[in-house]
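To be precise, the following lines are entry25.cif, and they hold mmCIF, C-alpha atoms and all ligand atoms.
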```
data_my_file
loop_
_atom_site.label_atom_id
_atom_site.label_comp_id
_atom_site.auth_asym_id
_atom_site.auth_seq_id
_atom_site.Cartn_x
_atom_site.Cartn_y
_atom_site.Cartn_z
CA MET A 1 136.80 125.02 106.80
CA ALA A 2 135.24 122.78 104.17
CA LEU A 3 134.04 123.35 100.63
CA ILE A 4 130.46 122.16 100.34
CA VAL A 5 128.25 121.94 97.25
CA GLN A 6 124.54 122.05 98.09
CA LYS A 7 121.88 121.30 95.49
CA TYR A 8 118.21 122.16 96.02
CA GLY A 9 115.53 120.55 93.84
CA GLY A 10 112.36 121.99 92.32
CA THR A 11 110.03 121.59 95.30
CA SER A 12 112.64 123.15 97.61
CA VAL A 13 112.69 126.31 95.46
CA GLY A 14 109.00 126.15 94.44
CA ASN A 15 108.23 129.76 95.48
CA VAL A 16 109.98 132.79 96.99
CA GLU A 17 109.13 131.74 100.54
CA ARG A 18 110.83 128.39 99.97
CA ILE A 19 113.80 130.13 98.37
CA ARG A 20 114.08 132.15 101.61
CA ASN A 21 114.15 128.86 103.51
CA VAL A 22 116.97 127.65 101.23
CA ALA A 23 118.81 130.94 101.78
CA ARG A 24 118.67 130.40 105.56
CA ARG A 25 120.16 126.92 105.21
CA VAL A 26 122.89 128.14 102.88
CA ALA A 27 123.69 131.07 105.19
CA ASN A 28 123.86 128.71 108.13
CA THR A 29 126.43 126.48 106.40
CA TYR A 30 128.41 129.55 105.31
CA SER A 31 128.36 131.05 108.81
CA GLN A 32 129.92 127.89 110.20
CA GLY A 33 133.04 128.83 108.23
CA ASN A 34 132.48 126.78 105.08
CA LYS A 35 132.82 127.79 101.45
CA VAL A 36 129.48 127.15 99.76
CA VAL A 37 128.51 126.60 96.14
CA VAL A 38 124.76 126.24 95.61
CA VAL A 39 123.19 124.52 92.60
CA LEU A 40 119.48 125.05 91.93
CA SER A 41 116.75 123.45 89.84
CA ALA A 42 113.88 125.37 88.31
CA MET A 43 110.72 125.82 90.42
CA SER A 44 108.77 122.55 90.48
CA GLY A 45 106.54 122.14 87.43
CA GLU A 46 108.38 124.84 85.52
CA THR A 47 110.52 122.59 83.28
CA ASN A 48 107.45 120.45 82.48
CA LYS A 49 105.63 123.59 81.47
CA LEU A 50 108.49 124.66 79.20
CA VAL A 51 108.72 121.20 77.63
CA GLY A 52 104.95 121.39 77.01
CA LEU A 53 105.39 124.68 75.15
CA THR A 54 108.04 123.17 72.87
CA GLN A 55 105.70 120.26 72.11
CA GLU A 56 102.93 122.68 71.24
CA ALA A 57 105.26 124.41 68.82
CA SER A 58 106.79 121.35 67.15
CA GLU A 59 106.19 117.61 66.71
CA PHE A 60 109.87 116.75 67.29
CA PRO A 61 111.17 119.69 69.32
CA ILE A 62 114.42 118.26 70.65
CA GLY A 63 117.35 120.22 69.26
CA ARG A 64 119.17 123.51 69.75
CA GLU A 65 116.09 125.67 70.43
CA TYR A 66 114.59 123.08 72.79
CA ASP A 67 117.53 123.56 75.15
CA VAL A 68 117.40 127.35 74.79
CA ILE A 69 113.82 127.16 76.06
CA ILE A 70 113.92 124.49 78.77
CA ALA A 71 117.10 125.86 80.38
CA THR A 72 115.35 129.09 81.36
CA GLY A 73 113.64 127.88 84.55
CA GLU A 74 116.93 127.72 86.42
CA GLN A 75 117.83 131.29 85.49
CA VAL A 76 114.92 132.55 87.59
CA THR A 77 115.68 130.56 90.75
CA ILE A 78 119.42 131.31 90.88
CA GLY A 79 118.76 135.02 90.45
CA LEU A 80 116.14 134.96 93.19
CA LEU A 81 118.36 133.09 95.66
CA SER A 82 121.28 135.46 95.10
CA LEU A 83 118.92 138.42 95.57
CA VAL A 84 117.61 137.02 98.85
CA LEU A 85 121.12 136.22 100.12
CA LYS A 86 122.21 139.79 99.35
CA GLU A 87 119.14 141.12 101.16
CA MET A 88 120.30 139.10 104.15
CA GLY A 89 123.70 140.81 104.00
CA TYR A 90 125.76 138.10 102.30
CA ARG A 91 127.88 138.43 99.21
CA SER A 92 126.50 136.24 96.45
CA LYS A 93 126.60 135.91 92.69
CA SER A 94 124.54 133.76 90.29
CA PHE A 95 126.13 131.89 87.37
CA LEU A 96 124.45 130.39 84.31
CA GLY A 97 126.10 127.31 82.81
CA TYR A 98 127.89 129.28 80.09
CA GLN A 99 129.16 131.84 82.60
CA VAL A 100 131.06 129.26 84.65
CA PRO A 101 131.56 127.76 81.99
CA ILE A 102 130.33 124.17 82.18
CA ILE A 103 131.37 122.72 78.82
CA THR A 104 129.30 119.85 77.42
CA ASP A 105 129.02 117.93 74.18
CA SER A 106 126.34 118.99 71.69
CA GLN A 107 123.72 116.30 72.38
CA PHE A 108 120.78 118.65 72.93
CA GLY A 109 118.35 117.42 75.57
CA SER A 110 120.82 114.98 77.11
CA ALA A 111 124.27 116.56 76.88
CA ARG A 112 127.24 115.22 78.82
CA ILE A 113 129.56 117.42 80.84
CA GLU A 114 133.07 117.39 79.37
CA SER A 115 134.86 119.94 81.55
CA ILE A 116 134.29 122.66 84.10
CA ASP A 117 136.44 125.75 84.54
CA ASP A 118 136.55 126.43 88.28
CA ALA A 119 138.36 129.80 88.11
CA LYS A 120 135.37 132.18 88.34
CA LEU A 121 133.64 130.18 91.06
CA MET A 122 136.87 129.96 93.08
CA GLU A 123 137.36 133.71 92.73
CA GLU A 124 133.87 134.31 94.11
CA LEU A 125 134.49 131.91 97.02
CA ASP A 126 137.91 133.43 97.76
CA ASN A 127 136.25 136.84 97.93
CA GLY A 128 133.93 135.56 100.63
CA GLY A 129 130.97 135.10 98.31
CA ILE A 130 128.36 132.38 97.90
CA ALA A 131 128.27 131.12 94.32
CA VAL A 132 124.83 130.10 93.03
CA VAL A 133 124.96 128.01 89.86
CA ALA A 134 122.13 127.04 87.49
CA GLY A 135 121.70 123.28 87.42
CA PHE A 136 120.76 121.26 84.36
CA GLN A 137 122.57 123.44 81.80
CA GLY A 138 125.88 123.92 80.05
CA VAL A 139 127.34 125.23 76.84
CA ASP A 140 128.99 123.39 73.95
CA ILE A 141 132.26 124.50 72.36
CA LYS A 142 130.33 126.41 69.68
CA GLY A 143 128.54 128.47 72.33
CA ASN A 144 125.17 126.70 72.09
CA ILE A 145 123.18 126.29 75.29
CA THR A 146 122.72 122.63 76.23
CA THR A 147 120.77 120.72 78.89
CA LEU A 148 121.77 117.56 80.72
CA GLY A 149 118.57 115.49 80.63
CA ARG A 150 115.65 115.59 83.08
CA GLY A 151 116.80 115.68 86.69
CA GLY A 152 120.17 116.97 85.48
CA SER A 153 120.76 119.45 88.30
CA ASP A 154 121.97 116.53 90.43
CA THR A 155 124.68 115.95 87.85
CA THR A 156 125.65 119.62 87.78
CA ALA A 157 126.09 119.48 91.57
CA VAL A 158 128.21 116.33 91.71
CA ALA A 159 130.30 117.38 88.70
CA LEU A 160 130.95 120.75 90.34
CA ALA A 161 131.87 118.99 93.58
CA ALA A 162 134.42 116.93 91.62
CA ALA A 163 135.81 119.95 89.74
CA LEU A 164 136.12 122.03 92.91
CA ARG A 165 137.45 119.07 94.93
CA ALA A 166 134.65 119.67 97.41
CA ASP A 167 134.57 117.82 100.71
CA LEU A 168 130.88 116.98 100.44
CA CYS A 169 127.99 117.22 98.02
CA GLU A 170 124.56 117.59 99.63
CA ILE A 171 121.43 116.94 97.56
CA TYR A 172 118.42 118.59 99.23
CA THR A 173 115.06 117.28 98.06
CA ASP A 174 111.47 116.73 99.20
CA VAL A 175 112.05 113.37 100.94
CA GLU A 176 114.49 112.62 103.77
CA GLY A 177 116.88 110.45 101.77
CA VAL A 178 117.05 107.36 99.60
CA TYR A 179 114.40 104.84 100.61
CA THR A 180 113.89 101.13 99.96
CA THR A 181 111.34 102.29 97.39
CA ASP A 182 109.54 105.51 96.45
CA PRO A 183 108.11 106.70 99.80
CA ASN A 184 105.31 108.41 97.89
CA ILE A 185 104.04 104.98 96.77
CA CYS A 186 104.84 102.77 99.76
CA THR A 187 104.04 104.36 103.10
CA ASN A 188 106.23 101.82 104.92
CA ALA A 189 109.32 102.45 102.75
CA ARG A 190 112.42 102.57 104.94
CA LYS A 191 115.11 105.25 104.73
CA LEU A 192 118.59 103.83 104.07
CA ASP A 193 121.45 105.27 106.15
CA LYS A 194 123.97 104.33 103.50
CA VAL A 195 123.82 103.02 99.96
CA SER A 196 126.74 102.00 97.73
CA TYR A 197 127.52 103.82 94.49
CA ASP A 198 126.76 100.64 92.52
CA GLU A 199 123.37 100.04 94.11
CA MET A 200 122.48 103.71 93.74
CA LEU A 201 123.52 103.56 90.08
CA GLU A 202 121.13 100.67 89.47
CA MET A 203 118.36 102.30 91.51
CA ALA A 204 118.73 105.60 89.65
CA SER A 205 118.93 104.07 86.20
CA LEU A 206 115.91 101.88 86.98
CA GLY A 207 113.71 104.78 87.97
CA ALA A 208 114.42 106.03 91.53
CA LYS A 209 114.46 109.61 90.34
CA VAL A 210 115.80 110.95 93.63
CA LEU A 211 119.24 111.13 91.91
CA GLN A 212 119.96 111.38 88.19
CA THR A 213 122.01 108.37 87.03
CA ARG A 214 124.86 110.46 85.64
CA SER A 215 125.30 112.21 88.97
CA VAL A 216 125.97 108.83 90.59
CA GLU A 217 128.44 107.93 87.82
CA PHE A 218 130.37 111.13 88.60
CA ALA A 219 130.20 110.48 92.34
CA LYS A 220 131.55 106.96 91.90
CA LYS A 221 134.30 107.97 89.48
CA TYR A 222 135.62 110.79 91.66
CA GLU A 223 134.64 109.18 94.98
CA ILE A 224 132.53 112.15 96.05
CA PRO A 225 130.47 111.41 99.16
CA VAL A 226 126.89 112.43 98.38
CA MET A 227 124.40 113.10 101.17
CA VAL A 228 120.74 113.03 100.13
CA ARG A 229 118.47 114.83 102.59
CA SER A 230 115.38 116.97 102.98
CA SER A 231 115.33 120.76 102.71
CA PHE A 232 112.19 120.76 104.88
CA SER A 233 113.59 119.05 108.00
CA ASP A 234 116.82 118.50 109.89
CA ALA A 235 116.58 114.70 109.80
CA GLY A 236 119.76 112.83 108.87
CA GLY A 237 119.83 111.71 105.24
CA THR A 238 121.31 108.89 103.19
CA LEU A 239 125.01 108.74 102.41
CA VAL A 240 125.89 107.43 98.96
CA CYS A 241 129.41 106.03 99.26
CA LYS A 242 131.72 103.09 98.58
CA GLU A 243 130.39 99.61 99.32
CA ASP A 244 131.22 98.17 102.73
CA LYS A 245 130.77 94.74 104.30
CA ASP A 246 127.35 95.53 105.83
CA MET A 247 125.89 96.42 102.44
CA GLU A 248 126.88 93.06 100.92
CA LYS A 249 124.84 91.27 103.55
CA VAL A 250 121.52 92.66 102.35
CA VAL A 251 120.16 90.59 99.47
CA VAL A 252 117.54 93.03 98.18
CA SER A 253 117.90 96.67 99.25
CA GLY A 254 115.42 98.42 96.98
CA VAL A 255 112.48 98.24 94.58
CA THR A 256 112.14 100.74 91.75
CA TYR A 257 109.72 101.47 88.94
CA ASN A 258 109.94 103.41 85.72
CA LYS A 259 106.88 104.53 83.79
CA GLY A 260 109.02 106.55 81.43
CA GLU A 261 109.58 103.89 78.78
CA ALA A 262 107.65 102.49 75.82
CA LYS A 263 107.89 99.16 74.01
CA ILE A 264 108.35 98.62 70.29
CA SER A 265 107.95 95.17 68.68
CA VAL A 266 109.13 94.26 65.21
CA LEU A 267 107.14 91.18 64.14
CA ARG A 268 108.30 88.50 61.73
CA VAL A 269 111.64 90.00 60.83
CA PRO A 270 114.05 87.80 58.79
CA ASP A 271 116.45 86.00 61.16
CA ARG A 272 119.84 86.49 59.51
CA PRO A 273 123.19 88.08 60.47
CA GLY A 274 123.27 91.87 60.43
CA ILE A 275 119.55 92.49 60.87
CA ALA A 276 119.80 93.74 64.45
CA ALA A 277 122.68 96.03 63.49
CA LYS A 278 120.66 97.49 60.58
CA LEU A 279 117.61 97.96 62.78
CA PHE A 280 119.35 99.72 65.65
CA ARG A 281 121.93 101.81 63.76
CA PRO A 282 119.48 104.57 62.72
CA LEU A 283 118.29 104.84 66.32
CA THR A 284 121.83 105.20 67.66
CA GLU A 285 122.69 107.74 64.99
CA THR A 286 119.71 109.85 66.06
CA GLY A 287 120.81 109.71 69.69
CA ILE A 288 117.97 107.39 70.78
CA ASN A 289 118.99 105.01 73.55
CA VAL A 290 117.58 101.52 73.47
CA ASP A 291 117.15 99.89 76.86
CA MET A 292 115.90 96.29 77.09
CA ILE A 293 116.01 94.06 74.03
CA VAL A 294 114.36 90.64 73.72
CA GLN A 295 114.54 88.45 70.62
CA ASN A 296 112.37 85.36 70.28
CA ILE A 297 113.54 81.97 69.05
CA SER A 298 113.40 81.81 65.27
CA HIS A 299 110.56 80.05 63.39
CA ASP A 300 110.96 79.36 59.66
CA ALA A 301 113.84 81.86 59.49
CA HIS A 302 111.77 84.68 61.01
CA THR A 303 111.78 86.10 64.51
CA ASP A 304 110.13 88.79 66.66
CA LEU A 305 112.23 91.50 68.28
CA THR A 306 111.04 93.72 71.11
CA PHE A 307 112.86 96.61 72.76
CA THR A 308 112.17 99.62 74.95
CA VAL A 309 113.05 103.29 74.55
CA SER A 310 112.39 106.35 76.65
CA ASN A 311 108.87 107.82 76.29
CA SER A 312 110.32 111.05 74.99
CA ASP A 313 111.93 109.14 72.09
CA TYR A 314 108.96 106.82 71.45
CA LYS A 315 107.27 108.60 68.53
CA ARG A 316 110.60 109.27 66.78
CA ALA A 317 111.79 105.69 67.34
CA LEU A 318 108.54 104.15 66.05
CA LYS A 319 108.71 106.25 62.90
CA LEU A 320 112.38 105.39 62.30
CA VAL A 321 111.87 101.65 62.84
CA LYS A 322 108.87 101.63 60.50
CA GLU A 323 110.98 103.35 57.84
CA THR A 324 113.93 100.99 58.33
CA THR A 325 111.88 97.81 58.22
CA ALA A 326 109.78 98.94 55.26
CA GLY A 327 112.93 99.05 53.15
CA GLU A 328 115.45 96.33 52.60
CA ILE A 329 114.95 94.51 55.95
CA GLY A 330 111.30 93.62 55.51
CA ALA A 331 109.14 92.80 58.53
CA LYS A 332 105.47 91.90 58.83
CA GLU A 333 104.54 94.61 61.29
CA VAL A 334 105.91 97.17 63.75
CA VAL A 335 103.76 97.76 66.83
CA GLY A 336 104.28 100.09 69.76
CA ASP A 337 102.95 100.14 73.31
CA PRO A 338 103.58 103.17 75.54
CA ASN A 339 101.51 101.75 78.42
CA ILE A 340 104.23 99.78 80.12
CA ALA A 341 106.30 100.07 83.29
CA LYS A 342 109.51 98.46 84.39
CA VAL A 343 109.70 97.25 87.98
CA SER A 344 113.04 96.17 89.40
CA ILE A 345 114.58 94.75 92.54
CA ILE A 346 118.16 95.73 93.41
CA GLY A 347 120.70 94.48 95.94
CA ALA A 348 124.48 93.98 96.18
CA GLY A 349 123.88 90.68 98.00
CA MET A 350 122.19 89.19 94.91
CA ARG A 351 125.67 88.46 93.55
CA SER A 352 125.95 85.49 95.84
CA HIS A 353 122.34 84.55 96.50
CA ALA A 354 120.26 82.27 94.28
CA GLY A 355 116.48 82.19 93.80
CA ILE A 356 115.81 85.93 93.97
CA ALA A 357 114.58 86.24 90.38
CA SER A 358 112.21 83.26 90.67
CA LYS A 359 110.81 84.68 93.90
CA MET A 360 110.12 87.95 92.10
CA PHE A 361 108.30 86.14 89.26
CA GLU A 362 106.19 84.18 91.76
CA VAL A 363 105.21 87.31 93.68
CA LEU A 364 104.04 88.99 90.46
CA ALA A 365 102.25 85.83 89.28
CA ASN A 366 100.36 85.59 92.57
CA GLU A 367 98.83 88.98 91.79
CA GLY A 368 97.97 87.95 88.23
CA ILE A 369 100.53 90.36 86.79
CA ASN A 370 101.87 89.23 83.42
CA ILE A 371 105.60 89.71 82.77
CA GLN A 372 106.24 90.98 79.25
CA MET A 373 110.05 91.25 79.31
CA ILE A 374 112.81 90.35 81.76
CA SER A 375 116.38 91.55 82.16
CA THR A 376 118.95 90.81 84.83
CA SER A 377 122.39 91.96 85.91
CA GLU A 378 124.63 90.91 88.82
CA ILE A 379 122.71 93.06 91.26
CA LYS A 380 119.23 93.57 89.75
CA VAL A 381 116.23 91.88 88.14
CA SER A 382 113.80 93.95 86.02
CA CYS A 383 110.40 93.02 84.60
CA VAL A 384 108.29 94.96 82.12
CA ILE A 385 104.59 94.86 83.02
CA ASP A 386 101.36 96.66 82.14
CA VAL A 387 101.58 100.20 83.54
CA LYS A 388 98.27 99.85 85.42
CA TYR A 389 99.85 97.33 87.82
CA THR A 390 102.91 99.46 88.70
CA GLU A 391 101.97 100.54 92.22
CA LEU A 392 100.61 97.11 93.11
CA ALA A 393 103.78 95.39 91.85
CA VAL A 394 106.03 97.76 93.81
CA ARG A 395 104.08 97.23 97.04
CA VAL A 396 103.93 93.44 96.87
CA LEU A 397 107.61 93.13 95.98
CA HIS A 398 108.58 95.55 98.74
CA ASP A 399 106.64 93.43 101.24
CA ALA A 400 107.77 90.07 99.87
CA PHE A 401 111.44 90.99 100.28
CA GLY A 402 110.90 92.30 103.80
CA LEU A 403 111.91 95.88 103.04
CA GLY A 404 109.30 97.78 105.04
CA SER A 405 110.07 99.82 108.14
CA GLY A 406 110.00 97.70 111.25
CA GLU A 407 111.14 94.68 109.23
CA VAL A 408 114.69 93.39 108.99
CA ALA A 409 115.86 93.00 105.41
CA GLU A 410 116.59 89.43 104.41
CA GLU A 411 120.27 88.67 105.03
CA LYS A 412 122.58 85.95 103.78
CA GLU A 413 123.33 83.14 106.19
P1 LIG A 501 114.03 117.19 93.23
O1 LIG A 501 113.06 118.11 92.58
O2 LIG A 501 114.40 117.60 94.60
O3 LIG A 501 115.22 116.89 92.37
P2 LIG A 501 112.85 114.67 92.45
O4 LIG A 501 111.38 114.71 92.27
O5 LIG A 501 113.71 114.69 91.26
O6 LIG A 501 113.23 115.84 93.46
O7 LIG A 501 113.26 113.39 93.33
C1 LIG A 501 112.66 113.16 94.58
C2 LIG A 501 111.51 112.17 94.43
O8 LIG A 501 112.04 110.90 94.06
C3 LIG A 501 110.75 111.88 95.70
O9 LIG A 501 109.73 112.82 95.92
C4 LIG A 501 110.22 110.48 95.47
O10 LIG A 501 108.87 110.47 95.08
C5 LIG A 501 111.05 109.95 94.31
N1 LIG A 501 111.67 108.64 94.59
C6 LIG A 501 111.56 107.54 93.79
N2 LIG A 501 112.20 106.52 94.32
C7 LIG A 501 112.76 106.94 95.48
C8 LIG A 501 113.56 106.31 96.48
N3 LIG A 501 113.93 105.02 96.39
N4 LIG A 501 113.95 107.04 97.55
C9 LIG A 501 113.59 108.34 97.65
N5 LIG A 501 112.84 108.99 96.74
C10 LIG A 501 112.42 108.30 95.66
N1 LIG A 502 114.65 121.44 86.13
C1 LIG A 502 115.19 120.25 85.48
C2 LIG A 502 114.13 119.17 85.39
O1 LIG A 502 113.01 119.35 85.84
C3 LIG A 502 116.42 119.77 86.17
C4 LIG A 502 116.24 119.24 87.58
O2 LIG A 502 115.22 119.48 88.23
O3 LIG A 502 117.17 118.60 88.06
O4 LIG A 502 114.39 118.13 84.86
MG MG A 503 115.48 115.62 90.72
#
```

How would this structure read if it were set down as structure tokens?
Ligand code: ADP
Ligand code: ASP
Ligand code: MG
Amino acid sequence: MALIVQKYGGTSVGNVERIRNVARRVANTYSQGNKVVVVLSAMSGETNKLVGLTQEASEFPIGREYDVIIATGEQVTIGLLSLVLKEMGYRSKSFLGYQVPIITDSQFGSARIESIDDAKLMEELDNGGIAVVAGFQGVDIKGNITTLGRGGSDTTAVALAAALRADLCEIYTDVEGVYTTDPNICTNARKLDKVSYDEMLEMASLGAKVLQTRSVEFAKKYEIPVMVRSSFSDAGGTLVCKEDKDMEKVVVSGVTYNKGEAKISVLRVPDRPGIAAKLFRPLTETGINVDMIVQNISHDAHTDLTFTVSNSDYKRALKLVKETTAGEIGAKEVVGDPNIAKVSIIGAGMRSHAGIASKMFEVLANEGINIQMISTSEIKVSCVIDVKYTELAVRVLHDAFGLGSGEVAEEKE
């Protein structure tokens, strides 16, 4: 007997018929003698709709009430699944985040899980029940409802798997696993049998939304094997696990893109110690994460500074930076551009292989795609480009690094 956490995403629970399909899969796993905890997302499109309502009501909606509103989609799906399971003759109970409870910090809109009390879920499992938990939500120590950031149900599932010491965490979605790139953009994207935690972390944080980044951080920390697979077929999925020798051989294992960021440039800012700290402190204090930062070489004691933030923080960040620079810092101009995308190539083998970045730049240049910003790490290279070239850039990079199905990925000699 194993303890299995299964998470089903928005498309998999998109209507009652699909919830019945999920119930059959859950019942099947349960009937094989396993203890099952199910984590669900809201129906697809539902959270977007709720976010839209908050934006209609307020210019800067993120805060306590924002989470109260956008957490509601999951309440509907967990109730429906438990109802269907009971109709089928199983014992089942739904749990909202605060009923478990899943305790988080108070960062509304992107809260972090701090602890999970497993007692109530264990009681339900020990009584022969199937526990159905709302993804994406928790509660802070003051009793406020919180949410874990978009795509956060993945994190609920992996964190629950860690807390319950589950044997396996299965993430059921609308594609058959983790691919070399988004299969909805590249028809010849290849499904990976296995991917290391580190590569998956880079892929997720660089835009492969199949898993939320924090879920991979949890999986790596607690060494939870995560199987990503489809709820619409029985095809084998992708196992996210510790790196092994085979994985190191592949130089580039994936291409990702992220259209969810915007660029802010501060032009002609005085180039003296402490300026960057002054500029970024207000952003940090407001909970706005800055991603890439590029500073130009100084001319006559002035420099240009460009950085990216998430689209959802763009308007707030632009306003804050304009306020900060208008005061004591002094800068000629602050300009923003939301029409950008970040494309990245990722691979554990890059650690010991030269020339990958320059090949990427050449491939983009050959298509006339201008690179606006660059950032690298041991196992990735990212370029910011005009958003209108995103799909083209992904396809040509995917081809250039030999990632398509039927091709053998480039290996080290
Ligand atoms: P769910 O609602 O099940 O959580 P998501 O929409 O969050 O599903 O994530 C699945 C989607 O991730 C896929 O439909 C696919 O378009 C996208 N995706 C992006 N990059 C990848 C990748 N490398 N492998 C698989 N899917 C990817
Ligand atoms: N429903 C939430 C969202 O759309 C959480 C999730 O799907 O994982 O972001
Ligand atoms: Mg998701």

Subject >> Spatial neighbours of range 132-136 of chain A, max dist 8 Å, all atoms listed in the file, sep filter under 4 positions, as a ChimeraX atom specification >> reply: /A:37-41,71,74-75,78,81-82,92-97,147-157

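Candidate residues A:Lys259, A:Lys209, A:Lys249, A:Lys194 were compared for distance to ligand LIG 502 (chain A), and the nearest is A:Lys209, using all atoms listed in the file.
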
Subject >> Atom pair CA of Thr11 in chain A / atom C1 of ligand LIG 501 (chain A): separation (Å) >> reply: 8.9 Å

Original post:
Taking all atoms listed in the file into account, which residues are within 9 Å of ligand LIG 501 (chain A), as a count of residues only?
Top reply: 50

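Shortest separation to ligand LIG 502 (chain A) among A:Thr29, A:Ser215, A:Asn34, A:Thr104 occurs at residue A:Ser215, atoms counted being only C-alpha atoms and all ligand atoms.
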
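Contact shell of Glu261 in chain A at 6 Å (only C-alpha atoms; same-chain neighbours under 2 positions omitted): Lys259, Val309, Ser310 and Asn311 of chain A.
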
Go ahead and write the residues just picked, C-alpha atoms, as a PDB file, in the frame of the given file.
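This is the output file out21.pdb:
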```pdb
ATOM      1  CA  LYS A 259     106.880 104.530  83.790  1.00  0.00           C
ATOM      2  CA  VAL A 309     113.050 103.290  74.550  1.00  0.00           C
ATOM      3  CA  SER A 310     112.390 106.350  76.650  1.00  0.00           C
ATOM      4  CA  ASN A 311     108.870 107.820  76.290  1.00  0.00           C
TER       5      ASN A 311
END
```

**OP:** Write out as a PyMOL selection string the residues lying within 10 Å of Gln372 in chain A, counting all atoms listed in the file and excluding same-chain residues fewer than 3 positions away.
**Re:** chain A and resi 263+294+306+340-342+369+383-386

Write the residues of the selection above to a file with C-alpha atoms, as a PDB file, in the coordinates of the input.
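What landed in selection_5.pdb:
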```
ATOM      1  CA  LYS A 263     107.890  99.160  74.010  1.00  0.00           C
ATOM      2  CA  VAL A 294     114.360  90.640  73.720  1.00  0.00           C
ATOM      3  CA  THR A 306     111.040  93.720  71.110  1.00  0.00           C
ATOM      4  CA  ILE A 340     104.230  99.780  80.120  1.00  0.00           C
ATOM      5  CA  ALA A 341     106.300 100.070  83.290  1.00  0.00           C
ATOM      6  CA  LYS A 342     109.510  98.460  84.390  1.00  0.00           C
ATOM      7  CA  ILE A 369     100.530  90.360  86.790  1.00  0.00           C
ATOM      8  CA  CYS A 383     110.400  93.020  84.600  1.00  0.00           C
ATOM      9  CA  VAL A 384     108.290  94.960  82.120  1.00  0.00           C
ATOM     10  CA  ILE A 385     104.590  94.860  83.020  1.00  0.00           C
ATOM     11  CA  ASP A 386     101.360  96.660  82.140  1.00  0.00           C
TER      12      ASP A 386
END
```

**OP:** Point out the residue among A:Thr47, A:Leu168, A:Glu87, A:Asp67 with the least atom-to-atom distance to Lys35 in chain A, counting all atoms listed in the file.
**Re:** A:Leu168

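Take the candidates A:Ala131, A:Val240, A:Ile374, A:Ala317 and check each one against Leu201 in chain A using all atoms listed in the file; the shortest distance goes to A:Val240.
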